[in-house]
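Peer 1: What follows is a structure written as structure tokens; I'll ask about it next.
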Amino acid sequence: MEKRVCRLLLGLLCAAAFTGCGQAEEAEPESIEPQRVELVVWGAEEDAELMGRVIQNFQEHYQGQADFKIAFEVQGESQCKDVLLGGLEDGADVFTFADDQLNALAAAGALDPIENADEIRSRNLSSTVEAATVNGVLYAYPLTADNGYFLYYNKRYITDEQARTLDGILEAAAAKGKLFAMDWSSAWYVYSFFGNTGLQVGLNDDGITNYCTWNQTEGSIRGIDVAQAMLRIAENPGFASRTDEEFLQGVKDGSVVAGVSGVWNAVAVNEAWGEDTGAAKLPTYSCNGSQVQMASFSGCKLIGVNAYSEYPEWAARLAEWITDEENQRLRFEMRGQGPSNMAVADSPAIMESPAIAALLEQSEYSQLQRVGGKFWDPVTEFAENMAAGNPSGQSLQEQLDEMAEAVCAR
């Protein structure tokens, strides 16, 4: 009897044990919440609508892989470096910046090398890859290939032939009581007059200080020849030194019929002038008895990933998404900006854009903007004095010497 009772108890215990094991095997696994990913993206105010769409599409594409909170904040591309280096750990995870800021950002440790560099290189124009590279290392994702300037002109007032020379443009504009506008308060544009003269400016090997021969007193074109040419242009009733914003306002109100600007104004200019919109490389200008082709600084916009981002893999994935073929095509459609992506650059829509065609034509007479910080203010001061007609009466050579000395200051 005792044996039977023991066997019964043992059987019940074994059944209970096996039942427990079965329940453990059939239990539902605990659900794992997606990783919370918070990213901040910096870009131009004009890109807010575009970036909103790009970010939304990114979140939908990767839905379920992370719990995203991605915010777009307005930050001017030209000031991005200074703001970012003011506090890297508090800066955006992903940001748009002009290529001339790359060296400083890389040197400060703000950017890590791109992991899939060969893949990114293969997709983009070589000039933009060069602009995103320091000492053979790719540090950023190319975004545009259009950070340059060229000539806009209204064909209702200025013929294609007149648009070839600044003399022709000024004569046509003045005859109709209209204006040709160019920003001489910006050294970026003023480079146009010196760039193809044999006079030089650029970075020294230290990557910080400049060399400058714009005050040169020998050669077929001297610094004083350029200064005198600028004074003659400034005296013409068909000329006005206007900022980019003032140029666009003049286009809209009808006072400006030609000017120097970039693709960022292509949509607005076309809206104002319609079928009369003309775009071409910069004209030649008269200097020391010759026609000199106006030069330009060129460059591109880049997307960087903050080396201090809390979510570096997702930040890199977003940066690559912003710069991929589909979104560069969308950028051209919404903002008229020229792509760095080769597939988009070769598309019929791009080739039919007058602004992009003009920029490509001007690229033959342009160079990457590679100057140190001491370049800007002295050149602006000199050019503004020329635009005002040299009211102080100071010797032009003295002004050129002072400008060059300040540009080269350590």
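Following the order of the structure tokens, chains are lettered A, B, ..., residues in each are numbered from 1, and ligands are numbered from 1.
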Can you pull out every residue within 7 Å of Asp167 of chain A, counting only C-alpha atoms, but drop anything in the same chain fewer than 3 positions away, and send it as a ChimeraX atom specification?

Peer 2: /A:170-171,285

Peer 1: Would you put the residues from that selection into a file with all heavy atoms, as a PDB file, in the first residue's frame?

Peer 2:
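Resulting contents of again38.pdb:
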```
ATOM      1  N   LEU A 170      26.383  97.045 -69.551  1.00  0.00           N
ATOM      2  CA  LEU A 170      26.219  98.356 -68.926  1.00  0.00           C
ATOM      3  C   LEU A 170      25.638  99.369 -69.902  1.00  0.00           C
ATOM      4  O   LEU A 170      24.781 100.199 -69.530  1.00  0.00           O
ATOM      5  CB  LEU A 170      27.567  98.849 -68.391  1.00  0.00           C
ATOM      6  CG  LEU A 170      28.131  98.066 -67.202  1.00  0.00           C
ATOM      7  CD1 LEU A 170      29.566  98.512 -66.895  1.00  0.00           C
ATOM      8  CD2 LEU A 170      27.248  98.236 -65.968  1.00  0.00           C
ATOM      9  N   GLU A 171      26.083  99.325 -71.131  1.00  0.00           N
ATOM     10  CA  GLU A 171      25.566 100.259 -72.134  1.00  0.00           C
ATOM     11  C   GLU A 171      24.069 100.035 -72.368  1.00  0.00           C
ATOM     12  O   GLU A 171      23.286 100.984 -72.406  1.00  0.00           O
ATOM     13  CB  GLU A 171      26.335 100.094 -73.446  1.00  0.00           C
ATOM     14  CG  GLU A 171      25.885 101.056 -74.543  1.00  0.00           C
ATOM     15  CD  GLU A 171      26.658 100.874 -75.832  1.00  0.00           C
ATOM     16  OE1 GLU A 171      27.561 100.015 -75.886  1.00  0.00           O
ATOM     17  OE2 GLU A 171      26.344 101.575 -76.814  1.00  0.00           O
ATOM     18  N   TYR A 285      35.489  91.876 -69.042  1.00  0.00           N
ATOM     19  CA  TYR A 285      35.463  93.294 -68.696  1.00  0.00           C
ATOM     20  C   TYR A 285      36.738  93.960 -69.212  1.00  0.00           C
ATOM     21  O   TYR A 285      37.762  93.303 -69.423  1.00  0.00           O
ATOM     22  CB  TYR A 285      35.304  93.504 -67.191  1.00  0.00           C
ATOM     23  CG  TYR A 285      36.541  93.265 -66.357  1.00  0.00           C
ATOM     24  CD1 TYR A 285      37.307  94.320 -65.872  1.00  0.00           C
ATOM     25  CD2 TYR A 285      36.943  91.962 -66.026  1.00  0.00           C
ATOM     26  CE1 TYR A 285      38.444  94.105 -65.102  1.00  0.00           C
ATOM     27  CE2 TYR A 285      38.069  91.733 -65.247  1.00  0.00           C
ATOM     28  CZ  TYR A 285      38.814  92.807 -64.795  1.00  0.00           C
ATOM     29  OH  TYR A 285      39.937  92.584 -64.030  1.00  0.00           O
TER      30      TYR A 285
END
```

Peer 1: Residues of segment 299-383 of chain A within 6 Å of segment 186-189 of chain A: nearest atom pair and distance (Å, one decimal) for each, counting only C-alpha atoms, sorted by chain and number, as a Markdown table?

Peer 2:
```
| residue | atom | partner | partner_atom | distance |
| --- | --- | --- | --- | --- |
| A:Trp376 | CA | A:Ala187 | CA | 5.5 |
| A:Val379 | CA | A:Ala187 | CA | 5.5 |
| A:Thr380 | CA | A:Ala187 | CA | 5.1 |
```

Peer 1: Can you pull out the residues contacting segment 123-135 of chain A? Cut-off 12 Å, using only C-alpha atoms, and skip same-chain residues under 4 positions away; I want them as a PyMOL selection string.

Peer 2: chain A and resi 97-107+111-114+116-119+139-147+207+298-304+320+323-325+328+338-346+360+363+366-370

Peer 1: For the structure I just gave you, how does DSSP split segment 262-318 of chain A - specifically, which residues are helix (DSSP H, G or I)? Reply as a PyMOL selection string.

Peer 2: chain A and resi 263-276+312-318

Peer 1: What's the 9 Å shell around Gly91 of chain A, counting only C-alpha atoms, without same-chain residues fewer than 5 positions away, as a list in words?

Peer 2: Val40, Trp42, Val83, Leu84, Leu85, Gly86, Asn306, Tyr308 and Ser309 of chain A

Peer 1: Those same residues, written as a short mmCIF file (atom, residue, chain, number, x, y, z; two decimals), in the first residue's frame with N, CA, C and O atoms?

Peer 2:
```cif
data_model
loop_
_atom_site.label_atom_id
_atom_site.label_comp_id
_atom_site.auth_asym_id
_atom_site.auth_seq_id
_atom_site.Cartn_x
_atom_site.Cartn_y
_atom_site.Cartn_z
N VAL A 40 19.36 65.79 -34.59
CA VAL A 40 19.11 67.18 -34.99
C VAL A 40 19.84 67.42 -36.31
O VAL A 40 21.01 67.06 -36.46
N TRP A 42 20.85 70.37 -39.16
CA TRP A 42 20.98 71.80 -39.45
C TRP A 42 20.99 72.01 -40.96
O TRP A 42 21.62 71.26 -41.71
N VAL A 83 29.63 78.04 -35.52
CA VAL A 83 28.63 77.65 -34.51
C VAL A 83 28.94 76.26 -33.98
O VAL A 83 28.91 76.02 -32.77
N LEU A 84 29.27 75.35 -34.86
CA LEU A 84 29.53 73.96 -34.45
C LEU A 84 30.76 73.87 -33.56
O LEU A 84 30.74 73.19 -32.52
N LEU A 85 31.83 74.56 -33.95
CA LEU A 85 33.06 74.48 -33.16
C LEU A 85 32.93 75.22 -31.84
O LEU A 85 33.79 75.06 -30.96
N GLY A 86 31.88 76.00 -31.69
CA GLY A 86 31.62 76.65 -30.41
C GLY A 86 31.16 75.67 -29.35
O GLY A 86 31.16 75.98 -28.15
N ASN A 306 28.40 64.79 -37.24
CA ASN A 306 29.13 65.18 -36.04
C ASN A 306 29.81 63.97 -35.39
O ASN A 306 29.15 62.97 -35.07
N TYR A 308 30.72 63.65 -32.57
CA TYR A 308 30.26 63.51 -31.19
C TYR A 308 28.79 63.11 -31.12
O TYR A 308 28.18 63.15 -30.04
N SER A 309 28.19 62.72 -32.24
CA SER A 309 26.79 62.31 -32.24
C SER A 309 26.58 61.10 -31.33
O SER A 309 27.40 60.18 -31.31
#
```

Peer 1: Select from segment 324-400 of chain A every residue with an atom at most 12 Å from any atom of segment 53-76 of chain A, then for each give the shortest pair of atoms and their distance in Å to one decimal, using only C-alpha atoms, rows by chain and rising number, as a tab-separated table.

Peer 2:
```
residue	atom	partner	partner_atom	distance
A:Asp324	CA	A:Val54	CA	10.6
A:Glu326	CA	A:Val54	CA	9.8
A:Asn327	CA	A:Val54	CA	7.0
A:Gln328	CA	A:Val54	CA	10.1
A:Arg329	CA	A:Val54	CA	11.5
A:Leu330	CA	A:Val54	CA	8.8
A:Arg331	CA	A:Val54	CA	9.4
A:Met334	CA	A:Arg53	CA	10.8
```

Peer 1: Using only C-alpha atoms, find the one residue out of A:Thr243, A:Thr209, A:Gln162, A:Ser286 that sits nearest to Thr197 of chain A.

Peer 2: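 Smallest distance to Thr197 of chain A is found for A:Ser286.
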
Peer 1: Based on DSSP run over this structure's backbone, return all residues of segment 137-166 of chain A in strand (DSSP E), as a CSV table (one decimal) with C-alpha atoms, in the first residue's frame.

Peer 2:
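Below is the file selection-v1.csv, written as the result:
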```
chain,number,residue,atom,x,y,z
A,137,VAL,CA,40.5,61.1,-46.8
A,138,LEU,CA,36.8,61.6,-47.5
A,141,TYR,CA,29.0,63.6,-48.3
A,142,PRO,CA,28.7,65.7,-51.4
A,150,PHE,CA,27.3,83.4,-63.2
A,151,LEU,CA,25.3,86.0,-65.2
A,152,TYR,CA,21.6,86.5,-65.2
A,153,TYR,CA,20.2,88.8,-67.8
A,154,ASN,CA,16.7,89.9,-69.1
```

Peer 1: Within 9 Å of Leu231 of chain A, counting only C-alpha atoms, which residues qualify if same-chain residues fewer than 2 places away don't, as a short mmCIF file (atom, residue, chain, number, x, y, z; two decimals) with N, CA, C and O atoms, in the first residue's frame?

Peer 2:
```cif
data_model
loop_
_atom_site.label_atom_id
_atom_site.label_comp_id
_atom_site.auth_asym_id
_atom_site.auth_seq_id
_atom_site.Cartn_x
_atom_site.Cartn_y
_atom_site.Cartn_z
N VAL A 226 43.41 96.75 -62.42
CA VAL A 226 42.13 96.19 -61.99
C VAL A 226 41.34 97.23 -61.19
O VAL A 226 40.13 97.42 -61.39
N ALA A 227 42.03 97.94 -60.30
CA ALA A 227 41.37 98.98 -59.50
C ALA A 227 40.77 100.06 -60.38
O ALA A 227 39.63 100.52 -60.17
N GLN A 228 41.51 100.50 -61.38
CA GLN A 228 41.01 101.53 -62.29
C GLN A 228 39.82 101.03 -63.09
O GLN A 228 38.86 101.77 -63.34
N ALA A 229 39.86 99.76 -63.50
CA ALA A 229 38.73 99.17 -64.22
C ALA A 229 37.48 99.16 -63.35
O ALA A 229 36.37 99.46 -63.81
N ILE A 233 33.77 101.04 -63.94
CA ILE A 233 32.49 100.33 -63.86
C ILE A 233 31.57 101.01 -62.86
O ILE A 233 30.38 101.22 -63.13
N ALA A 234 32.12 101.38 -61.71
CA ALA A 234 31.32 102.00 -60.66
C ALA A 234 30.73 103.34 -61.10
O ALA A 234 29.64 103.73 -60.67
N GLU A 235 31.44 104.04 -61.97
CA GLU A 235 30.98 105.35 -62.45
C GLU A 235 29.86 105.24 -63.47
O GLU A 235 29.16 106.22 -63.75
N ASN A 236 29.67 104.07 -64.05
CA ASN A 236 28.66 103.89 -65.10
C ASN A 236 27.25 103.97 -64.51
O ASN A 236 26.98 103.31 -63.50
N MET A 386 35.93 101.29 -53.92
CA MET A 386 35.86 101.41 -55.38
C MET A 386 34.41 101.66 -55.81
O MET A 386 34.15 102.50 -56.69
N ALA A 387 33.47 100.94 -55.23
CA ALA A 387 32.06 101.10 -55.59
C ALA A 387 31.56 102.50 -55.30
O ALA A 387 30.69 103.03 -56.01
N ALA A 388 32.12 103.12 -54.27
CA ALA A 388 31.72 104.49 -53.88
C ALA A 388 32.47 105.54 -54.69
O ALA A 388 32.24 106.75 -54.50
N GLY A 389 33.37 105.12 -55.58
CA GLY A 389 34.12 106.07 -56.40
C GLY A 389 35.37 106.60 -55.75
O GLY A 389 35.84 107.69 -56.11
N ASN A 390 35.90 105.88 -54.77
CA ASN A 390 37.12 106.28 -54.05
C ASN A 390 36.98 107.69 -53.46
O ASN A 390 37.76 108.60 -53.76
#
```

Peer 1: What are the nearest atom pairs, with distances in Å to one decimal, for all residues of segment 316-409 of chain A that come at most 12 Å from segment 213-217 of chain A, using only C-alpha atoms, set out by chain and rising residue number as JSON lines?

Peer 2:
```
{"residue": "A:Phe375", "atom": "CA", "partner": "A:Trp214", "partner_atom": "CA", "distance": 11.6}
{"residue": "A:Pro378", "atom": "CA", "partner": "A:Trp214", "partner_atom": "CA", "distance": 11.8}
{"residue": "A:Val379", "atom": "CA", "partner": "A:Trp214", "partner_atom": "CA", "distance": 10.0}
{"residue": "A:Phe382", "atom": "CA", "partner": "A:Trp214", "partner_atom": "CA", "distance": 11.4}
{"residue": "A:Leu396", "atom": "CA", "partner": "A:Asn215", "partner_atom": "CA", "distance": 9.4}
{"residue": "A:Gln397", "atom": "CA", "partner": "A:Asn215", "partner_atom": "CA", "distance": 6.9}
{"residue": "A:Glu398", "atom": "CA", "partner": "A:Asn215", "partner_atom": "CA", "distance": 8.8}
{"residue": "A:Gln399", "atom": "CA", "partner": "A:Asn215", "partner_atom": "CA", "distance": 8.6}
{"residue": "A:Leu400", "atom": "CA", "partner": "A:Asn215", "partner_atom": "CA", "distance": 4.9}
{"residue": "A:Asp401", "atom": "CA", "partner": "A:Asn215", "partner_atom": "CA", "distance": 5.5}
{"residue": "A:Glu402", "atom": "CA", "partner": "A:Asn215", "partner_atom": "CA", "distance": 8.7}
{"residue": "A:Met403", "atom": "CA", "partner": "A:Asn215", "partner_atom": "CA", "distance": 8.0}
{"residue": "A:Ala404", "atom": "CA", "partner": "A:Asn215", "partner_atom": "CA", "distance": 6.3}
{"residue": "A:Glu405", "atom": "CA", "partner": "A:Asn215", "partner_atom": "CA", "distance": 9.2}
{"residue": "A:Ala406", "atom": "CA", "partner": "A:Asn215", "partner_atom": "CA", "distance": 11.6}
{"residue": "A:Val407", "atom": "CA", "partner": "A:Trp214", "partner_atom": "CA", "distance": 9.9}
{"residue": "A:Cys408", "atom": "CA", "partner": "A:Thr213", "partner_atom": "CA", "distance": 9.6}
```
